[in-house]
Every structure is written in C-alpha cells, then in structure tokens.
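Engineer: Please find structure05.cif (mmCIF, C-alpha atoms) on the next line:
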data_entry
#
loop_
_atom_site.group_PDB
_atom_site.id
_atom_site.type_symbol
_atom_site.label_atom_id
_atom_site.label_comp_id
_atom_site.auth_asym_id
_atom_site.auth_seq_id
_atom_site.Cartn_x
_atom_site.Cartn_y
_atom_site.Cartn_z
ATOM 1 C CA MET A 1 91.905 84.089 123.417
ATOM 2 C CA GLY A 2 95.638 83.550 123.305
ATOM 3 C CA THR A 3 98.038 85.691 125.286
ATOM 4 C CA LEU A 4 100.844 87.817 123.961
ATOM 5 C CA THR A 5 104.071 86.171 125.052
ATOM 6 C CA GLY A 6 107.763 86.518 124.519
ATOM 7 C CA ASP A 7 109.665 89.777 124.916
ATOM 8 C CA SER A 8 108.236 92.534 127.080
ATOM 9 C CA SER A 9 107.161 94.513 124.007
ATOM 10 C CA PHE A 10 107.126 94.466 120.234
ATOM 11 C CA THR A 11 107.118 97.221 117.642
ATOM 12 C CA VAL A 12 105.124 97.558 114.436
ATOM 13 C CA ALA A 13 106.051 100.077 111.747
ATOM 14 C CA THR A 14 104.019 101.087 108.721
ATOM 15 C CA PHE A 15 105.619 103.051 105.914
ATOM 16 C CA ASN A 16 104.504 104.126 102.446
ATOM 17 C CA VAL A 17 107.893 104.054 100.741
ATOM 18 C CA ASN A 18 106.700 105.663 97.477
ATOM 19 C CA GLY A 19 108.816 103.201 95.516
ATOM 20 C CA ILE A 20 111.009 100.736 97.405
ATOM 21 C CA ARG A 21 113.904 101.029 94.962
ATOM 22 C CA ALA A 22 114.040 104.818 95.363
ATOM 23 C CA ALA A 23 113.600 104.573 99.141
ATOM 24 C CA ARG A 24 116.508 102.122 99.383
ATOM 25 C CA ARG A 25 118.728 104.452 97.374
ATOM 26 C CA ARG A 26 117.845 107.213 99.831
ATOM 27 C CA GLY A 27 118.666 105.144 102.918
ATOM 28 C CA PHE A 28 115.725 102.890 103.765
ATOM 29 C CA ASP A 29 117.992 100.024 104.813
ATOM 30 C CA ARG A 30 119.866 102.277 107.247
ATOM 31 C CA TRP A 31 116.552 103.334 108.780
ATOM 32 C CA LEU A 32 115.415 99.704 109.035
ATOM 33 C CA ALA A 33 118.616 98.610 110.783
ATOM 34 C CA ALA A 34 118.575 101.563 113.185
ATOM 35 C CA ARG A 35 114.892 101.371 114.125
ATOM 36 C CA SER A 36 114.778 97.545 113.998
ATOM 37 C CA PRO A 37 111.011 97.046 114.368
ATOM 38 C CA ASP A 38 109.654 93.546 114.860
ATOM 39 C CA VAL A 39 107.082 93.962 112.063
ATOM 40 C CA VAL A 40 107.246 96.350 109.106
ATOM 41 C CA ALA A 41 104.343 96.958 106.718
ATOM 42 C CA LEU A 42 105.212 98.653 103.427
ATOM 43 C CA GLN A 43 103.009 100.253 100.808
ATOM 44 C CA GLU A 44 103.637 101.490 97.266
ATOM 45 C CA LEU A 45 106.505 99.162 96.425
ATOM 46 C CA ARG A 46 105.993 100.151 92.777
ATOM 47 C CA CYS A 47 108.196 97.507 91.199
ATOM 48 C CA PRO A 48 108.150 93.890 89.995
ATOM 49 C CA ALA A 49 108.574 91.168 92.604
ATOM 50 C CA SER A 50 112.058 90.393 91.277
ATOM 51 C CA GLU A 51 113.206 93.925 92.157
ATOM 52 C CA VAL A 52 111.838 94.213 95.701
ATOM 53 C CA GLY A 53 115.045 92.689 97.039
ATOM 54 C CA VAL A 54 115.787 91.052 100.379
ATOM 55 C CA PHE A 55 115.807 92.659 103.816
ATOM 56 C CA ALA A 56 118.507 91.639 106.295
ATOM 57 C CA ALA A 57 117.090 89.801 109.348
ATOM 58 C CA TYR A 58 113.536 89.808 107.937
ATOM 59 C CA GLN A 59 111.236 87.457 106.074
ATOM 60 C CA ALA A 60 109.129 89.278 103.474
ATOM 61 C CA ALA A 61 105.554 88.498 102.407
ATOM 62 C CA VAL A 62 104.872 90.480 99.239
ATOM 63 C CA ASP A 63 102.101 91.225 96.760
ATOM 64 C CA VAL A 64 103.295 93.598 94.050
ATOM 65 C CA GLY A 65 100.034 93.463 92.120
ATOM 66 C CA SER A 66 99.545 93.493 88.372
ATOM 67 C CA VAL A 67 99.635 97.236 87.627
ATOM 68 C CA ALA A 68 103.141 97.984 86.393
ATOM 69 C CA GLY A 69 104.944 100.552 88.525
ATOM 70 C CA ARG A 70 102.003 101.080 90.861
ATOM 71 C CA ASN A 71 100.815 99.910 94.288
ATOM 72 C CA GLY A 72 102.379 96.840 95.933
ATOM 73 C CA VAL A 73 102.367 95.900 99.615
ATOM 74 C CA ALA A 74 104.586 93.834 101.891
ATOM 75 C CA VAL A 75 104.915 92.749 105.505
ATOM 76 C CA LEU A 76 108.380 92.068 106.915
ATOM 77 C CA THR A 77 108.688 89.897 110.026
ATOM 78 C CA ARG A 78 111.653 88.711 112.059
ATOM 79 C CA THR A 79 109.979 85.350 112.670
ATOM 80 C CA PRO A 80 108.477 83.658 109.604
ATOM 81 C CA ALA A 81 104.708 84.116 109.398
ATOM 82 C CA VAL A 82 102.635 80.986 109.886
ATOM 83 C CA ALA A 83 100.169 82.090 107.191
ATOM 84 C CA VAL A 84 100.038 84.736 104.458
ATOM 85 C CA ARG A 85 96.894 85.827 102.623
ATOM 86 C CA THR A 86 96.502 88.202 99.701
ATOM 87 C CA TRP A 87 93.510 88.940 97.510
ATOM 88 C CA VAL A 88 95.093 86.737 94.834
ATOM 89 C CA THR A 89 95.669 83.679 97.016
ATOM 90 C CA HIS A 90 92.472 84.232 99.030
ATOM 91 C CA ARG A 91 89.878 86.105 97.015
ATOM 92 C CA PRO A 92 88.034 88.782 99.007
ATOM 93 C CA ARG A 93 84.620 87.655 100.122
ATOM 94 C CA ALA A 94 82.966 91.074 100.049
ATOM 95 C CA ARG A 95 81.203 91.863 96.806
ATOM 96 C CA GLY A 96 82.743 94.878 95.085
ATOM 97 C CA LEU A 97 86.421 94.186 95.753
ATOM 98 C CA GLY A 98 86.945 91.983 92.714
ATOM 99 C CA GLU A 99 88.069 94.870 90.519
ATOM 100 C CA PHE A 100 90.855 95.631 93.028
ATOM 101 C CA ALA A 101 91.932 92.073 93.862
ATOM 102 C CA ALA A 102 94.960 91.915 91.552
ATOM 103 C CA HIS A 103 96.178 95.446 92.259
ATOM 104 C CA GLY A 104 98.509 94.646 95.187
ATOM 105 C CA ARG A 105 96.609 96.586 97.819
ATOM 106 C CA TYR A 106 96.099 94.165 100.715
ATOM 107 C CA ILE A 107 98.120 91.478 102.438
ATOM 108 C CA GLU A 108 97.742 89.928 105.874
ATOM 109 C CA VAL A 109 99.992 87.646 107.867
ATOM 110 C CA ASP A 110 99.536 85.562 110.994
ATOM 111 C CA LEU A 111 102.617 86.268 113.088
ATOM 112 C CA GLY A 112 104.624 83.236 114.098
ATOM 113 C CA ASP A 113 105.766 84.510 117.498
ATOM 114 C CA ARG A 114 102.556 86.008 118.926
ATOM 115 C CA PRO A 115 98.791 85.623 118.411
ATOM 116 C CA VAL A 116 98.325 88.634 116.132
ATOM 117 C CA THR A 117 97.192 88.990 112.534
ATOM 118 C CA VAL A 118 98.749 92.034 110.839
ATOM 119 C CA ALA A 119 96.990 93.331 107.737
ATOM 120 C CA CYS A 120 98.626 95.893 105.449
ATOM 121 C CA LEU A 121 96.424 98.075 103.240
ATOM 122 C CA TYR A 122 97.133 100.628 100.542
ATOM 123 C CA LEU A 123 93.730 102.199 100.044
ATOM 124 C CA PRO A 124 93.039 103.759 96.618
ATOM 125 C CA LYS A 125 93.394 107.486 96.306
ATOM 126 C CA GLY A 126 90.183 108.979 94.995
ATOM 127 C CA GLY A 127 89.139 112.370 93.753
ATOM 128 C CA LEU A 128 86.457 114.959 94.246
ATOM 129 C CA PRO A 129 82.772 114.349 93.598
ATOM 130 C CA ALA A 130 81.535 115.972 90.425
ATOM 131 C CA HIS A 131 79.836 118.900 92.181
ATOM 132 C CA LEU A 132 83.124 119.983 93.793
ATOM 133 C CA GLN A 133 85.222 119.821 90.636
ATOM 134 C CA ARG A 134 86.185 123.212 89.233
ATOM 135 C CA PRO A 135 88.076 123.297 85.911
ATOM 136 C CA GLY A 136 91.201 125.404 86.186
ATOM 137 C CA SER A 137 91.523 124.976 89.962
ATOM 138 C CA MET A 138 92.514 121.298 89.921
ATOM 139 C CA ARG A 139 95.848 119.596 89.278
ATOM 140 C CA GLU A 140 94.097 116.951 87.192
ATOM 141 C CA GLN A 141 91.457 117.232 84.517
ATOM 142 C CA PRO A 142 87.864 116.978 85.828
ATOM 143 C CA ASP A 143 86.589 113.415 85.471
ATOM 144 C CA GLY A 144 82.966 113.825 86.452
ATOM 145 C CA GLY A 145 83.616 112.157 89.793
ATOM 146 C CA ALA A 146 84.860 108.824 88.387
ATOM 147 C CA LYS A 147 87.791 108.483 90.792
ATOM 148 C CA TYR A 148 85.605 109.566 93.692
ATOM 149 C CA GLN A 149 83.038 106.894 92.850
ATOM 150 C CA ARG A 150 85.772 104.250 92.502
ATOM 151 C CA LYS A 151 87.101 105.024 95.963
ATOM 152 C CA GLN A 152 83.620 105.014 97.464
ATOM 153 C CA ARG A 153 82.998 101.566 95.965
ATOM 154 C CA PHE A 154 86.189 100.355 97.571
ATOM 155 C CA LEU A 155 85.326 101.856 100.964
ATOM 156 C CA SER A 156 81.874 100.299 101.010
ATOM 157 C CA ALA A 157 83.130 96.831 100.067
ATOM 158 C CA PHE A 158 86.234 96.937 102.222
ATOM 159 C CA ALA A 159 84.240 97.790 105.348
ATOM 160 C CA ARG A 160 82.448 94.445 104.962
ATOM 161 C CA GLU A 161 85.677 92.589 104.231
ATOM 162 C CA LEU A 162 87.367 94.220 107.216
ATOM 163 C CA ASP A 163 84.630 93.056 109.564
ATOM 164 C CA ARG A 164 84.959 89.497 108.285
ATOM 165 C CA ASN A 165 88.744 89.450 108.579
ATOM 166 C CA ARG A 166 88.730 90.968 112.043
ATOM 167 C CA LEU A 167 86.192 88.443 113.299
ATOM 168 C CA ALA A 168 88.044 85.557 111.637
ATOM 169 C CA ALA A 169 91.212 86.536 113.489
ATOM 170 C CA LEU A 170 89.390 86.755 116.809
ATOM 171 C CA ARG A 171 87.759 83.359 116.277
ATOM 172 C CA ALA A 172 91.237 81.925 115.655
ATOM 173 C CA GLY A 173 92.452 83.335 118.967
ATOM 174 C CA ARG A 174 94.327 86.243 117.392
ATOM 175 C CA GLU A 175 94.202 89.993 117.755
ATOM 176 C CA TYR A 176 93.827 91.919 114.489
ATOM 177 C CA LEU A 177 95.872 94.962 113.456
ATOM 178 C CA LEU A 178 95.165 96.928 110.274
ATOM 179 C CA VAL A 179 98.023 99.205 109.258
ATOM 180 C CA GLY A 180 98.915 101.170 106.184
ATOM 181 C CA ASP A 181 98.292 104.208 104.042
ATOM 182 C CA LEU A 182 94.528 104.651 104.036
ATOM 183 C CA ASN A 183 94.630 107.898 102.032
ATOM 184 C CA LEU A 184 92.188 109.236 104.644
ATOM 185 C CA ALA A 185 92.518 111.531 107.642
ATOM 186 C CA HIS A 186 89.959 111.068 110.371
ATOM 187 C CA THR A 187 89.800 114.087 112.677
ATOM 188 C CA GLN A 188 90.833 117.734 112.601
ATOM 189 C CA HIS A 189 93.933 116.750 114.586
ATOM 190 C CA ASP A 190 95.128 114.735 111.575
ATOM 191 C CA VAL A 191 95.347 117.644 109.109
ATOM 192 C CA THR A 192 97.204 120.919 109.583
ATOM 193 C CA ASN A 193 94.749 123.059 107.594
ATOM 194 C CA TRP A 194 91.692 120.988 108.388
ATOM 195 C CA ARG A 195 89.052 123.602 107.568
ATOM 196 C CA ALA A 196 90.220 123.918 103.971
ATOM 197 C CA ALA A 197 90.704 120.135 103.787
ATOM 198 C CA ARG A 198 86.983 119.504 104.263
ATOM 199 C CA LYS A 199 86.593 119.934 100.494
ATOM 200 C CA MET A 200 89.608 117.790 99.627
ATOM 201 C CA ASP A 201 89.817 114.104 98.782
ATOM 202 C CA GLY A 202 90.721 112.212 101.931
ATOM 203 C CA PHE A 203 88.965 114.532 104.356
ATOM 204 C CA LEU A 204 85.527 114.852 102.821
ATOM 205 C CA PRO A 205 82.579 114.371 105.217
ATOM 206 C CA GLU A 206 81.864 110.975 103.668
ATOM 207 C CA ASP A 207 85.526 109.936 104.111
ATOM 208 C CA ARG A 208 85.405 110.774 107.808
ATOM 209 C CA ALA A 209 81.996 109.140 108.227
ATOM 210 C CA TRP A 210 83.406 105.921 106.772
ATOM 211 C CA PHE A 211 86.277 106.098 109.230
ATOM 212 C CA ASP A 212 83.783 106.531 112.059
ATOM 213 C CA SER A 213 81.939 103.421 110.890
ATOM 214 C CA ILE A 214 84.918 101.063 111.197
ATOM 215 C CA LEU A 215 85.943 102.213 114.682
ATOM 216 C CA GLY A 216 84.335 101.413 118.004
ATOM 217 C CA SER A 217 84.925 99.964 121.441
ATOM 218 C CA ARG A 218 84.062 96.487 120.102
ATOM 219 C CA ARG A 219 85.550 96.881 116.647
ATOM 220 C CA LEU A 220 88.811 98.712 115.956
ATOM 221 C CA VAL A 221 90.606 101.462 117.850
ATOM 222 C CA ASP A 222 92.780 104.215 116.371
ATOM 223 C CA VAL A 223 95.972 103.351 118.250
ATOM 224 C CA VAL A 224 97.741 106.618 117.463
ATOM 225 C CA ARG A 225 94.895 108.749 118.735
ATOM 226 C CA ARG A 226 94.516 106.585 121.833
ATOM 227 C CA VAL A 227 98.175 107.080 122.774
ATOM 228 C CA HIS A 228 98.679 110.615 121.475
ATOM 229 C CA GLY A 229 95.364 112.000 122.712
ATOM 230 C CA ASP A 230 93.109 114.632 121.192
ATOM 231 C CA GLN A 231 95.804 117.061 120.181
ATOM 232 C CA PRO A 232 97.282 118.042 116.816
ATOM 233 C CA GLY A 233 99.406 115.438 115.044
ATOM 234 C CA PRO A 234 101.402 113.419 114.658
ATOM 235 C CA LEU A 235 101.578 113.917 110.894
ATOM 236 C CA THR A 236 102.935 111.299 108.495
ATOM 237 C CA TRP A 237 102.675 112.839 105.000
ATOM 238 C CA TRP A 238 103.938 116.101 103.519
ATOM 239 C CA SER A 239 103.875 117.219 99.904
ATOM 240 C CA TRP A 240 107.142 117.181 97.986
ATOM 241 C CA ALA A 241 106.253 120.684 96.782
ATOM 242 C CA GLY A 242 107.065 123.926 98.547
ATOM 243 C CA GLU A 243 108.084 124.037 102.205
ATOM 244 C CA SER A 244 105.315 121.895 103.663
ATOM 245 C CA PHE A 245 107.833 119.436 105.129
ATOM 246 C CA THR A 246 109.972 122.143 106.708
ATOM 247 C CA LYS A 247 106.938 123.975 108.079
ATOM 248 C CA ASN A 248 105.280 120.687 109.141
ATOM 249 C CA VAL A 249 102.135 121.320 107.133
ATOM 250 C CA GLY A 250 100.728 117.916 106.302
ATOM 251 C CA TRP A 251 98.332 115.067 107.025
ATOM 252 C CA ARG A 252 98.190 111.796 108.947
ATOM 253 C CA VAL A 253 96.932 109.280 106.424
ATOM 254 C CA ASP A 254 99.046 106.408 107.786
ATOM 255 C CA HIS A 255 97.305 104.470 110.532
ATOM 256 C CA GLN A 256 97.382 101.553 112.939
ATOM 257 C CA LEU A 257 93.902 100.315 113.865
ATOM 258 C CA ALA A 258 93.749 97.465 116.372
ATOM 259 C CA THR A 259 91.208 95.299 118.112
ATOM 260 C CA PRO A 260 90.525 96.838 121.538
ATOM 261 C CA ARG A 261 92.643 94.449 123.590
ATOM 262 C CA LEU A 262 95.706 94.990 121.407
ATOM 263 C CA ALA A 263 95.093 98.740 121.237
ATOM 264 C CA ALA A 264 95.104 98.860 125.045
ATOM 265 C CA ALA A 265 98.624 97.392 124.960
ATOM 266 C CA ALA A 266 100.043 100.289 122.886
ATOM 267 C CA THR A 267 102.527 102.323 124.896
ATOM 268 C CA GLU A 268 104.369 104.595 122.465
ATOM 269 C CA VAL A 269 103.871 106.212 119.060
ATOM 270 C CA ILE A 270 106.778 107.587 117.048
ATOM 271 C CA VAL A 271 106.868 109.166 113.587
ATOM 272 C CA ASP A 272 110.385 108.948 112.173
ATOM 273 C CA LYS A 273 110.317 112.273 110.383
ATOM 274 C CA GLU A 274 113.706 113.130 108.951
ATOM 275 C CA LEU A 275 115.574 116.180 110.214
ATOM 276 C CA SER A 276 115.643 117.920 106.829
ATOM 277 C CA ALA A 277 113.861 117.758 103.503
ATOM 278 C CA THR A 278 117.035 116.591 101.764
ATOM 279 C CA GLU A 279 117.102 113.444 103.936
ATOM 280 C CA ARG A 280 113.559 112.306 103.133
ATOM 281 C CA LEU A 281 113.110 108.668 102.196
ATOM 282 C CA SER A 282 109.564 109.204 100.870
ATOM 283 C CA ASP A 283 106.763 111.745 100.951
ATOM 284 C CA HIS A 284 105.544 109.733 103.972
ATOM 285 C CA ALA A 285 107.399 109.010 107.202
ATOM 286 C CA PRO A 286 107.375 105.696 109.082
ATOM 287 C CA LEU A 287 104.763 105.390 111.830
ATOM 288 C CA VAL A 288 106.049 103.134 114.625
ATOM 289 C CA VAL A 289 103.976 101.842 117.549
ATOM 290 C CA THR A 290 105.243 99.869 120.527
ATOM 291 C CA TYR A 291 102.921 97.291 122.073
ATOM 292 C CA ARG A 292 103.603 95.621 125.411
ATOM 293 C CA ASN A 293 102.915 91.948 125.863
ATOM 294 C CA ARG A 294 100.023 91.309 128.199
#
Now that the file is in, can you turn its structure into structure tokens?

Structural biologist:
Amino acid sequence: MGTLTGDSSFTVATFNVNGIRAARRRGFDRWLAARSPDVVALQELRCPASEVGVFAAYQAAVDVGSVAGRNGVAVLTRTPAVAVRTWVTHRPRARGLGEFAAHGRYIEVDLGDRPVTVACLYLPKGGLPAHLQRPGSMREQPDGGAKYQRKQRFLSAFARELDRNRLAALRAGREYLLVGDLNLAHTQHDVTNWRAARKMDGFLPEDRAWFDSILGSRRLVDVVRRVHGDQPGPLTWWSWAGESFTKNVGWRVDHQLATPRLAAAATEVIVDKELSATERLSDHAPLVVTYRNR
C-alpha cells in the first residue's frame, strides 16, 4: 500500500450546488477561493458541459449526463488527476446500473499527488413505497411506488459496484473515498426530526439498512461520524421553504465514506453553513474534511 505524502494534510469538500450556474451567481467562486480545498466534489451541476465554466487553480473532471437540466457531477483537483472514470467511459460492471449510466451520477478520479481514488456520487432521490403513499398528504401525485422501486434498484446494484471499485483501488495501492449527496441519512443524529423521518424517503428502514450494509471496519467508514461522534449533526441540507435553515432543522445527506486507513487520518469536519438564509449558495452546504498525511 502506498503512503500519503506531500503536505501535512489535505482537504476534501463535497457540495451539492443545486445548479452550478446559480451557485456561481450567488458566490460559489468566493467560497472556493476562501476555503481553498485540495479536492472538491460537486453534484447537481444541472447544465450542459459548455456552461460549467472553469475554476481558477483547479482542473475539472466532469460528467454532466444526458438528462437536460438535471444531475451532473464533477471533481476539481489542484493537481491533474492521473485517471478519470465515469459510467460512460467505463461502463459499470454491476448489473442493474445500465439505466443510470448516462445520467451523470458518478465520476471517480485517481489523484495525481497522493494514492487516493476519490469517487463522487449523486444518488437518485426516490419516493415512498406504495403502502405509505397517501393522496392529499404528498407534494407529488402518488405513483404506486415507482420512484421508490427505482431507487431500490439503484441501491442494490450500486452496492455491488461500490465493492468492486473499492477493492480495485486497494489493489492498485490506493485508498478509496466515496463522497457526495447520497439522498440518505443514516442515523438519528443525521436528521433533526428523526422519529417523523422514519416514514420519509431517505430515512426509511430499508434506506438505513442499506447504509449499514456498505459500512464496516474492513469496508468503508463514515468519516463525519467518526470525527464528530455520536451526537446530533452536523447537518448539510435544509429546505428552501419556511424557516428550517434559520432554525437549523434539516438532514445530513452529504457524506464522506473512506476506507478504514484513510478514515483514521481524518482530523476535522466542517460544514460551511452560511450565516443567513439570504446568503445561501444552495439548499445544501459544503461538507469539508481534513485528512492528515500518514
């Protein structure tokens, strides 16, 4: 296994920008210059490749996908990546991911300045299973559980793909780090009103059971929970509606999951939540983790 070398530490940020063009108008570039992370993973670019733009001091690996105005992921690095893989250039090996391959949901890069593979994921938002859908009490029309089933298909297939990618990185002498908006919260510490959330998409028992299945002392470690401990927060998403942002009523659906050796090197977790609702760059806030070189 290679060793992490170079500076004494490096920082990785993950941020669902909810439209990169809108986020840049609101001040994304000022945040990027001020925070200056070594690696930045972005989700929901929501624009054509020609409109993503350039990022001062960074090289960008991008997959905007084929669904106009939706999805899109990117990884920004200060040092050019030595390899970039998407589900277009490298088709997923797990059966069941084919229907998602061109949607711009997954990209991974081999960092050029340290033996780490960083994978960025925007996991599909689902819906409620049919038996929990109640007409008149939902924002969307009942769909008989179609969106729920779609997400469950993705989760099942992606768990297999994740195992393969993690092991491939380790065989190549690299640590593996999965970051992004997973549209899932794992524990009660990740949701303000967790009791009510147990019947909501993203915190259903099957959602949390899937999360359990991908973690482990020999698999992946929830870096935020390891550093922050078993206490409420930190949150990374708040609804645009009402006063949820001001009252800090939200969820942590943005994650950094690392192979155990890399997770053990995490020293600090910061959520760059803006001071006021009028300053928000997105409905998410950047999640930034500092890792020390070992």

Engineer: For a test of reading the model, state the distance in Å between atom CA of Arg292 of chain A and atom CA of Ser8 of chain A, rounded to one decimal.

Structural biologist: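 Separation of atom CA of Arg292 of chain A and atom CA of Ser8 of chain A: 5.8 Å.
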
Engineer: Evaluate the PyMOL selection byres ((chain A and resi 191-199) around 10) on the structure here and hand back the selected residues as number ranges by chain.

Structural biologist: A: 128-129, 132-133, 185-190, 200-208, 232-237, 248-253

Engineer: Between atom CA of Val271 of chain A and atom CA of Ala34 of chain A, what distance in Å does the model show, to one decimal?

Structural biologist: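 Interatomic distance, atom CA of Val271 of chain A to atom CA of Ala34 of chain A: 14.0 Å.
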
Engineer: Exactly which residues make up the result of the PyMOL selection byres ((chain A and resi 226) around 10) on this file, given as a PyMOL selection string?

Structural biologist: chain A and resi 221-225+227-230+263-264+266-267+269

Engineer: Distance cut-off 7 Å, centre (107.7, 92.6, 110.0) in file coordinates, counting all atoms listed in the file: which residues qualify? Return them as a PDB file with C-alpha atoms, keeping the file's coordinate frame.

Structural biologist:
ATOM      1  CA  ASP A  38     109.654  93.546 114.860  1.00  0.00           C
ATOM      2  CA  VAL A  39     107.082  93.962 112.063  1.00  0.00           C
ATOM      3  CA  VAL A  40     107.246  96.350 109.106  1.00  0.00           C
ATOM      4  CA  ALA A  41     104.343  96.958 106.718  1.00  0.00           C
ATOM      5  CA  TYR A  58     113.536  89.808 107.937  1.00  0.00           C
ATOM      6  CA  VAL A  75     104.915  92.749 105.505  1.00  0.00           C
ATOM      7  CA  LEU A  76     108.380  92.068 106.915  1.00  0.00           C
ATOM      8  CA  THR A  77     108.688  89.897 110.026  1.00  0.00           C
ATOM      9  CA  ARG A  78     111.653  88.711 112.059  1.00  0.00           C
TER      10      ARG A  78
END

Engineer: What do you get, as a ChimeraX atom specification, if you spell out every residue that the PyMOL selection byres ((chain A and resi 257) around 10) selects here?

Structural biologist: /A:119,176-180,214-215,219-225,255-256,258-260,262-263

Engineer: Around the point (87.8, 102.1, 96.2), in the coordinates given by the file, pick out the residues reaching within 10 Å, counting all atoms listed in the file, and return them as an NGL selection string.

Structural biologist: :A and (96-97 or 99-100 or 123-126 or 147-158)

Engineer: For a quick check of understanding, using only C-alpha atoms, which of A:Thr278, A:Thr290, A:Thr246, A:Gln43 has the smallest distance to Val62 of chain A?

Structural biologist: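 Smallest distance to Val62 of chain A is found for A:Gln43.
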
Engineer: For a test of reading the model, state the distance in Å between atom CA of Arg21 of chain A and atom CA of Gly98 of chain A, rounded to one decimal.

Structural biologist: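 Atom-to-atom, atom CA of Arg21 of chain A to atom CA of Gly98 of chain A, that is 28.5 Å.
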
Engineer: Kindly indicate which residue among A:Asp254, A:Glu274, A:Glu108, A:Glu268 lies nearest to Val289 of chain A, using only C-alpha atoms for the distances.

Structural biologist: A:Glu268

Engineer: Which neighbours of Ala130 of chain A fall inside 8 Å, counting only C-alpha atoms, when residues of the same chain fewer than 3 positions from it are skipped, and could you give them as a CSV table (one decimal) with C-alpha atoms, keeping the file's coordinate frame?

Structural biologist:
chain,number,residue,atom,x,y,z
A,133,GLN,CA,85.2,119.8,90.6
A,142,PRO,CA,87.9,117.0,85.8
A,143,ASP,CA,86.6,113.4,85.5
A,144,GLY,CA,83.0,113.8,86.5
A,145,GLY,CA,83.6,112.2,89.8

Engineer: How big is the axis-aligned box around all listed atoms of segment 173-178 of chain A once 3 Å goes on each side, and where's its centre, in Å to one decimal, as JSON?

Structural biologist:
{"center_x": 94.2, "center_y": 90.1, "center_z": 114.6, "size_x": 9.4, "size_y": 19.6, "size_z": 14.7}

Engineer: Just want the 8 Å neighbourhood of Tyr122 of chain A, counted on all atoms listed in the file, with same-chain residues fewer than 4 positions away dropped. Output as a list of chain:residue names.

Structural biologist: A:Gln43, A:Glu44, A:Asn71, A:Gly72, A:Val73, A:Arg105, A:Tyr106, A:Gly180, A:Asp181, A:Leu182, A:Asn183

Engineer: Counting all atoms listed in the file, which of A:Pro80, A:Gly136, A:Pro37, A:Gly65 gets nearest to Thr14 of chain A?

Structural biologist: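 Closest to Thr14 of chain A, using all atoms listed in the file: A:Pro37.
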
Engineer: Neighbours of Ala23 of chain A within 12 Å (only C-alpha atoms; same-chain residues fewer than 2 positions away dropped), as a PDB file with C-alpha atoms, in the coordinates of the input?

Structural biologist:
ATOM      1  CA  PHE A  15     105.619 103.051 105.914  1.00  0.00           C
ATOM      2  CA  ASN A  16     104.504 104.126 102.446  1.00  0.00           C
ATOM      3  CA  VAL A  17     107.893 104.054 100.741  1.00  0.00           C
ATOM      4  CA  ASN A  18     106.700 105.663  97.477  1.00  0.00           C
ATOM      5  CA  GLY A  19     108.816 103.201  95.516  1.00  0.00           C
ATOM      6  CA  ILE A  20     111.009 100.736  97.405  1.00  0.00           C
ATOM      7  CA  ARG A  21     113.904 101.029  94.962  1.00  0.00           C
ATOM      8  CA  ARG A  25     118.728 104.452  97.374  1.00  0.00           C
ATOM      9  CA  ARG A  26     117.845 107.213  99.831  1.00  0.00           C
ATOM     10  CA  GLY A  27     118.666 105.144 102.918  1.00  0.00           C
ATOM     11  CA  PHE A  28     115.725 102.890 103.765  1.00  0.00           C
ATOM     12  CA  ASP A  29     117.992 100.024 104.813  1.00  0.00           C
ATOM     13  CA  ARG A  30     119.866 102.277 107.247  1.00  0.00           C
ATOM     14  CA  TRP A  31     116.552 103.334 108.780  1.00  0.00           C
ATOM     15  CA  LEU A  32     115.415  99.704 109.035  1.00  0.00           C
ATOM     16  CA  LEU A  42     105.212  98.653 103.427  1.00  0.00           C
ATOM     17  CA  GLN A  43     103.009 100.253 100.808  1.00  0.00           C
ATOM     18  CA  GLU A  44     103.637 101.490  97.266  1.00  0.00           C
ATOM     19  CA  LEU A  45     106.505  99.162  96.425  1.00  0.00           C
ATOM     20  CA  ARG A  46     105.993 100.151  92.777  1.00  0.00           C
ATOM     21  CA  CYS A  47     108.196  97.507  91.199  1.00  0.00           C
ATOM     22  CA  VAL A  52     111.838  94.213  95.701  1.00  0.00           C
ATOM     23  CA  GLU A 279     117.102 113.444 103.936  1.00  0.00           C
ATOM     24  CA  ARG A 280     113.559 112.306 103.133  1.00  0.00           C
ATOM     25  CA  LEU A 281     113.110 108.668 102.196  1.00  0.00           C
ATOM     26  CA  SER A 282     109.564 109.204 100.870  1.00  0.00           C
ATOM     27  CA  ASP A 283     106.763 111.745 100.951  1.00  0.00           C
ATOM     28  CA  HIS A 284     105.544 109.733 103.972  1.00  0.00           C
ATOM     29  CA  ALA A 285     107.399 109.010 107.202  1.00  0.00           C
ATOM     30  CA  PRO A 286     107.375 105.696 109.082  1.00  0.00           C
TER      31      PRO A 286
END

Engineer: Would you mind telling me which residue in A:Gly127, A:Asp113, A:Ala159, A:Ser276 lies nearest to Phe10 of chain A when using all atoms listed in the file?

Structural biologist: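 Ranking A:Gly127, A:Asp113, A:Ala159, A:Ser276 by distance to Phe10 of chain A, first place goes to A:Asp113.
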